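Asks: Sending over run.pdb (PDB, C-alpha atoms).
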MODEL        1
ATOM      1  CA  MET A   1     -23.641  69.879   4.025
ATOM      2  CA  ILE A   2     -25.542  69.212   0.836
ATOM      3  CA  GLN A   3     -28.873  67.414   0.767
ATOM      4  CA  PRO A   4     -29.894  65.822  -2.543
ATOM      5  CA  TYR A   5     -33.271  66.873  -3.870
ATOM      6  CA  LYS A   6     -35.654  64.137  -5.031
ATOM      7  CA  HIS A   7     -32.755  61.635  -5.085
ATOM      8  CA  ARG A   8     -31.146  63.432  -8.038
ATOM      9  CA  LYS A   9     -27.478  62.766  -8.749
ATOM     10  CA  ILE A  10     -24.696  65.320  -9.213
ATOM     11  CA  ASP A  11     -22.489  64.997 -12.291
ATOM     12  CA  PHE A  12     -19.126  66.383 -11.106
ATOM     13  CA  THR A  13     -17.887  66.686 -14.697
ATOM     14  CA  LYS A  14     -20.526  69.331 -15.507
ATOM     15  CA  PRO A  15     -20.926  72.829 -14.049
ATOM     16  CA  VAL A  16     -23.627  73.678 -11.525
ATOM     17  CA  PHE A  17     -25.538  76.908 -10.924
ATOM     18  CA  CYS A  18     -25.841  78.082  -7.313
ATOM     19  CA  TYR A  19     -28.105  80.762  -5.925
ATOM     20  CA  ARG A  20     -29.450  81.802  -2.524
ATOM     21  CA  ASN A  21     -32.645  79.942  -1.670
ATOM     22  CA  LEU A  22     -34.785  82.712  -0.204
ATOM     23  CA  HIS A  23     -37.333  80.259   1.220
ATOM     24  CA  ARG A  24     -34.915  78.351   3.454
ATOM     25  CA  LYS A  25     -34.491  79.514   7.042
ATOM     26  CA  ASP A  26     -30.909  78.198   7.253
ATOM     27  CA  ASN A  27     -29.600  80.663   4.621
ATOM     28  CA  GLY A  28     -29.019  77.724   2.295
ATOM     29  CA  PHE A  29     -28.368  77.633  -1.419
ATOM     30  CA  SER A  30     -30.030  75.787  -4.266
ATOM     31  CA  ILE A  31     -27.809  73.891  -6.686
ATOM     32  CA  LYS A  32     -29.033  73.387 -10.259
ATOM     33  CA  GLN A  33     -27.653  71.209 -13.034
ATOM     34  CA  ASN A  34     -29.282  70.389 -16.364
ATOM     35  CA  LYS A  35     -32.038  72.945 -15.592
ATOM     36  CA  GLN A  36     -33.146  71.009 -12.480
ATOM     37  CA  VAL A  37     -32.555  71.636  -8.792
ATOM     38  CA  ILE A  38     -30.418  68.693  -7.713
ATOM     39  CA  ALA A  39     -29.540  69.696  -4.143
ATOM     40  CA  HIS A  40     -29.813  72.261  -1.362
ATOM     41  CA  GLY A  41     -27.317  73.215   1.312
ATOM     42  CA  TYR A  42     -24.207  75.104   2.310
ATOM     43  CA  ASN A  43     -20.570  74.408   3.270
ATOM     44  CA  PHE A  44     -19.503  73.538  -0.257
ATOM     45  CA  ALA A  45     -17.273  75.230  -2.800
ATOM     46  CA  LEU A  46     -17.094  75.859  -6.542
ATOM     47  CA  ASN A  47     -14.046  75.905  -8.841
ATOM     48  CA  ASN A  48     -13.709  78.095 -11.945
ATOM     49  CA  VAL A  49     -16.558  80.348 -10.877
ATOM     50  CA  GLU A  50     -18.381  82.784 -13.142
ATOM     51  CA  PHE A  51     -20.877  85.218 -11.604
ATOM     52  CA  VAL A  52     -23.948  85.936 -13.731
ATOM     53  CA  VAL A  53     -26.650  88.586 -13.256
ATOM     54  CA  SER A  54     -29.589  88.770 -15.659
ATOM     55  CA  LYS A  55     -30.162  92.469 -16.370
ATOM     56  CA  ALA A  56     -33.824  91.822 -17.265
ATOM     57  CA  GLY A  57     -34.379  89.969 -13.991
ATOM     58  CA  GLN A  58     -32.584  92.648 -12.024
ATOM     59  CA  THR A  59     -34.693  95.378 -13.652
ATOM     60  CA  LYS A  60     -37.879  93.461 -12.808
ATOM     61  CA  VAL A  61     -36.833  93.180  -9.145
ATOM     62  CA  ARG A  62     -36.038  96.886  -8.995
ATOM     63  CA  ASN A  63     -39.354  97.864 -10.573
ATOM     64  CA  THR A  64     -41.695  95.465  -8.769
ATOM     65  CA  PHE A  65     -39.827  94.896  -5.458
ATOM     66  CA  ILE A  66     -40.627  91.195  -5.862
ATOM     67  CA  ARG A  67     -37.641  88.863  -5.520
ATOM     68  CA  ASN A  68     -36.824  86.403  -8.308
ATOM     69  CA  ILE A  69     -33.921  84.198  -9.306
ATOM     70  CA  HIS A  70     -31.804  86.328 -11.632
ATOM     71  CA  ALA A  71     -28.273  86.050 -10.202
ATOM     72  CA  TYR A  72     -26.128  82.971  -9.666
ATOM     73  CA  ALA A  73     -22.627  81.533  -9.524
ATOM     74  CA  LYS A  74     -21.658  78.954 -12.149
ATOM     75  CA  GLY A  75     -18.805  76.498 -11.519
ATOM     76  CA  PHE A  76     -17.708  72.973 -10.707
ATOM     77  CA  LEU A  77     -18.808  71.567  -7.337
ATOM     78  CA  ILE A  78     -16.367  70.691  -4.527
ATOM     79  CA  LEU A  79     -17.848  68.914  -1.507
ATOM     80  CA  GLU A  80     -14.726  68.726   0.684
ATOM     81  CA  THR A  81     -14.160  72.139   2.282
ATOM     82  CA  LYS A  82     -12.103  71.368   5.419
ATOM     83  CA  ASN A  83      -8.840  72.702   3.937
ATOM     84  CA  ILE A  84     -10.389  75.707   2.185
ATOM     85  CA  LYS A  85      -9.754  79.008   3.920
ATOM     86  CA  ARG A  86     -12.480  81.620   3.873
ATOM     87  CA  GLY A  87     -11.466  84.931   2.299
ATOM     88  CA  ARG A  88     -13.344  88.116   1.540
ATOM     89  CA  HIS A  89     -17.135  88.281   1.640
ATOM     90  CA  ILE A  90     -18.926  88.386  -1.738
ATOM     91  CA  VAL A  91     -22.220  90.266  -1.768
ATOM     92  CA  TYR A  92     -25.001  91.041  -4.206
ATOM     93  CA  ASN A  93     -27.957  93.335  -3.570
ATOM     94  CA  PRO A  94     -30.108  93.915  -6.673
ATOM     95  CA  TYR A  95     -31.263  97.302  -5.392
ATOM     96  CA  VAL A  96     -27.699  98.596  -4.870
ATOM     97  CA  HIS A  97     -25.241  96.613  -6.991
ATOM     98  CA  GLU A  98     -24.972  95.919 -10.713
ATOM     99  CA  GLY A  99     -23.284  92.562 -10.036
ATOM    100  CA  PHE A 100     -21.538  90.499  -7.379
ATOM    101  CA  MET A 101     -19.154  92.614  -5.307
ATOM    102  CA  ILE A 102     -16.076  92.155  -3.130
ATOM    103  CA  GLU A 103     -15.842  95.314  -1.059
ATOM    104  CA  ASP A 104     -16.359  98.074  -3.678
ATOM    105  CA  GLU A 105     -15.158  96.075  -6.689
ATOM    106  CA  LYS A 106     -17.342  94.151  -9.132
ATOM    107  CA  VAL A 107     -16.265  90.533  -9.574
ATOM    108  CA  LEU A 108     -17.007  88.459 -12.682
ATOM    109  CA  THR A 109     -14.867  85.340 -12.156
ATOM    110  CA  LEU A 110     -12.870  83.674  -9.380
ATOM    111  CA  ASN A 111     -10.869  80.456  -9.143
ATOM    112  CA  LYS A 112     -12.614  79.168  -6.009
ATOM    113  CA  VAL A 113     -15.624  80.290  -3.958
ATOM    114  CA  LEU A 114     -16.912  78.961  -0.626
ATOM    115  CA  PHE A 115     -20.657  78.841   0.147
ATOM    116  CA  THR A 116     -21.505  78.864   3.879
ATOM    117  CA  ASN A 117     -24.541  79.649   6.000
ATOM    118  CA  ALA A 118     -22.852  83.024   6.651
ATOM    119  CA  GLY A 119     -22.676  83.847   2.920
ATOM    120  CA  ILE A 120     -20.350  83.503  -0.065
ATOM    121  CA  PHE A 121     -16.583  83.989   0.280
ATOM    122  CA  ASP A 122     -13.613  83.981  -2.055
ATOM    123  CA  CYS A 123     -10.802  81.512  -1.380
ATOM    124  CA  GLU A 124      -7.824  83.225  -2.994
TER     125      GLU A 124
ENDMDL
END
Any chance you could give the structure as structure tokens?
Replies:
Amino acid sequence: MIQPYKHRKIDFTKPVFCYRNLHRKDNGFSIKQNKQVIAHGYNFALNNVEFVVSKAGQTKVRNTFIRNIHAYAKGFLILETKNIKRGRHIVYNPYVHEGFMIEDEKVLTLNKVLFTNAGIFDCE
């Protein structure tokens, strides 16, 4: 369930950047493309996913205890998720982890990732 932001259009041929929107009560995600937020929501997936954590942003969070956007998933948007099976839970806590984690293993890339109101999950 993705809601466009300010009537902006998604270009499915270009990658998007997804991160947890800490101001939404529904545990939703923000979706950016071309340096602009184009949509909000959950129950979508990404293909060819790369997980990115800015070390400078992470250090600032750890030092100031003020949250900021410094970690995201980059990939190509998939809106149809009915046939995608949810796998292992992917977590990131800037105070504990150096990057995105599946169980005790750091993850840098995945083929497909599902974004739900319960969190982020691999689909492999």
Asks: Tell me which protein, DNA and RNA residues are within 8 Å of Leu79 (chain A), counting only C-alpha atoms, leaving out same-chain ones fewer than 5 positions away, and put them as a compact mmCIF listing (two decimals) with C-alpha atoms, in the coordinates of the input.
Replies:
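Output file out-v1.txt follows:
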# COMPACT_ATOMS: atom_id res chain seq x y z
CA ASN A 43 -20.57 74.41 3.27
CA PHE A 44 -19.50 73.54 -0.26
CA ALA A 45 -17.27 75.23 -2.80
Asks: Can you report as JSON the centre and edge lengths in Å, to one decimal, of an axis-aligned box around the listed atoms of region 80-88 of chain A padded with 5 Å on each side?
Replies:
{"center_x": -11.8, "center_y": 78.4, "center_z": 3.1, "size_x": 15.9, "size_y": 29.4, "size_z": 14.7}
Asks: Out of A:Lys112, A:Phe29, A:Asn34, A:Arg20, which residue has the shortest atom-to-atom distance to Tyr92 (chain A) when counting all atoms listed in the file?
Replies: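 Among A:Lys112, A:Phe29, A:Asn34, A:Arg20, it is A:Arg20 that comes nearest to Tyr92 (chain A).
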Asks: Mind telling me what the PyMOL selection byres ((chain A and resi 46) around 12) catches here, as a CSV table (one decimal) with C-alpha atoms, in the frame of the given file?
Replies:
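result18.csv was written with the following content:
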chain,number,residue,atom,x,y,z
A,12,PHE,CA,-19.1,66.4,-11.1
A,14,LYS,CA,-20.5,69.3,-15.5
A,15,PRO,CA,-20.9,72.8,-14.0
A,16,VAL,CA,-23.6,73.7,-11.5
A,17,PHE,CA,-25.5,76.9,-10.9
A,18,CYS,CA,-25.8,78.1,-7.3
A,31,ILE,CA,-27.8,73.9,-6.7
A,42,TYR,CA,-24.2,75.1,2.3
A,43,ASN,CA,-20.6,74.4,3.3
A,44,PHE,CA,-19.5,73.5,-0.3
A,45,ALA,CA,-17.3,75.2,-2.8
A,47,ASN,CA,-14.0,75.9,-8.8
A,48,ASN,CA,-13.7,78.1,-11.9
A,49,VAL,CA,-16.6,80.3,-10.9
A,50,GLU,CA,-18.4,82.8,-13.1
A,51,PHE,CA,-20.9,85.2,-11.6
A,72,TYR,CA,-26.1,83.0,-9.7
A,73,ALA,CA,-22.6,81.5,-9.5
A,74,LYS,CA,-21.7,79.0,-12.1
A,75,GLY,CA,-18.8,76.5,-11.5
A,76,PHE,CA,-17.7,73.0,-10.7
A,77,LEU,CA,-18.8,71.6,-7.3
A,78,ILE,CA,-16.4,70.7,-4.5
A,79,LEU,CA,-17.8,68.9,-1.5
A,80,GLU,CA,-14.7,68.7,0.7
A,81,THR,CA,-14.2,72.1,2.3
A,84,ILE,CA,-10.4,75.7,2.2
A,109,THR,CA,-14.9,85.3,-12.2
A,110,LEU,CA,-12.9,83.7,-9.4
A,111,ASN,CA,-10.9,80.5,-9.1
A,112,LYS,CA,-12.6,79.2,-6.0
A,113,VAL,CA,-15.6,80.3,-4.0
A,114,LEU,CA,-16.9,79.0,-0.6
A,115,PHE,CA,-20.7,78.8,0.1
A,116,THR,CA,-21.5,78.9,3.9
A,120,ILE,CA,-20.4,83.5,-0.1
A,121,PHE,CA,-16.6,84.0,0.3
A,122,ASP,CA,-13.6,84.0,-2.1
A,123,CYS,CA,-10.8,81.5,-1.4
Asks: Residues within 12 Å of Ala56 (chain A), please, as a list of chain:residue names. Count all atoms listed in the file; anything in the same chain fewer than 5 positions from it doesn't count.
Replies: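 Here the qualifying residues turn out to be A:Val61, A:Arg62, A:Asn63, A:Asn68, A:Ile69, A:His70, A:Ala71, A:Pro94, A:Glu98.
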Asks: Kindly give the distance, in Å, that separates CA of Tyr19 (chain A) and CA of Gly99 (chain A), rounded to a single decimal.
Replies: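 Computing it gives 13.4 Å between the two atoms.
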Asks: CA of Gly41 (chain A) to CA of Ile2 (chain A): how many Å, to one decimal?
Replies: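 Straight-line distance from CA of Gly41 (chain A) to CA of Ile2 (chain A) works out to 4.4 Å.
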Asks: Where atoms are absent from region 77-93 of chain A, fill them in so it carries N, CA and C atoms, then output it as a short mmCIF file (atom, residue, chain, number, x, y, z; two decimals), in the frame of the given file.
Replies:
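That gives us part14.cif:
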data_model
loop_
_atom_site.label_atom_id
_atom_site.label_comp_id
_atom_site.auth_asym_id
_atom_site.auth_seq_id
_atom_site.Cartn_x
_atom_site.Cartn_y
_atom_site.Cartn_z
N LEU A 77 -18.56 71.82 -8.75
CA LEU A 77 -18.81 71.57 -7.34
C LEU A 77 -17.65 70.85 -6.66
N ILE A 78 -17.34 71.32 -5.42
CA ILE A 78 -16.37 70.69 -4.53
C ILE A 78 -17.09 70.45 -3.21
N LEU A 79 -17.15 69.21 -2.75
CA LEU A 79 -17.85 68.91 -1.51
C LEU A 79 -16.93 69.02 -0.29
N GLU A 80 -15.67 68.70 -0.44
CA GLU A 80 -14.73 68.73 0.68
C GLU A 80 -14.20 70.14 0.89
N THR A 81 -14.54 70.74 2.03
CA THR A 81 -14.16 72.14 2.28
C THR A 81 -13.30 72.32 3.53
N LYS A 82 -12.86 71.25 4.16
CA LYS A 82 -12.10 71.37 5.42
C LYS A 82 -10.81 72.17 5.25
N ASN A 83 -10.12 72.02 4.13
CA ASN A 83 -8.84 72.70 3.94
C ASN A 83 -8.96 74.01 3.16
N ILE A 84 -10.17 74.46 2.92
CA ILE A 84 -10.39 75.71 2.18
C ILE A 84 -10.54 76.84 3.18
N LYS A 85 -9.70 77.86 3.01
CA LYS A 85 -9.75 79.01 3.92
C LYS A 85 -10.67 80.08 3.36
N ARG A 86 -11.51 80.60 4.23
CA ARG A 86 -12.48 81.62 3.87
C ARG A 86 -11.78 82.96 3.70
N GLY A 87 -12.06 83.63 2.58
CA GLY A 87 -11.47 84.93 2.30
C GLY A 87 -12.47 86.06 2.46
N ARG A 88 -12.47 86.94 1.49
CA ARG A 88 -13.34 88.12 1.54
C ARG A 88 -14.80 87.76 1.21
N HIS A 89 -15.71 88.51 1.81
CA HIS A 89 -17.14 88.28 1.64
C HIS A 89 -17.59 88.80 0.27
N ILE A 90 -18.36 88.01 -0.44
CA ILE A 90 -18.93 88.39 -1.74
C ILE A 90 -20.40 88.70 -1.51
N VAL A 91 -20.84 89.86 -1.99
CA VAL A 91 -22.22 90.27 -1.77
C VAL A 91 -22.88 90.64 -3.09
N TYR A 92 -24.21 90.55 -3.08
CA TYR A 92 -25.00 91.04 -4.21
C TYR A 92 -26.34 91.52 -3.67
N ASN A 93 -26.67 92.76 -3.93
CA ASN A 93 -27.96 93.34 -3.57
C ASN A 93 -28.52 93.96 -4.84
#
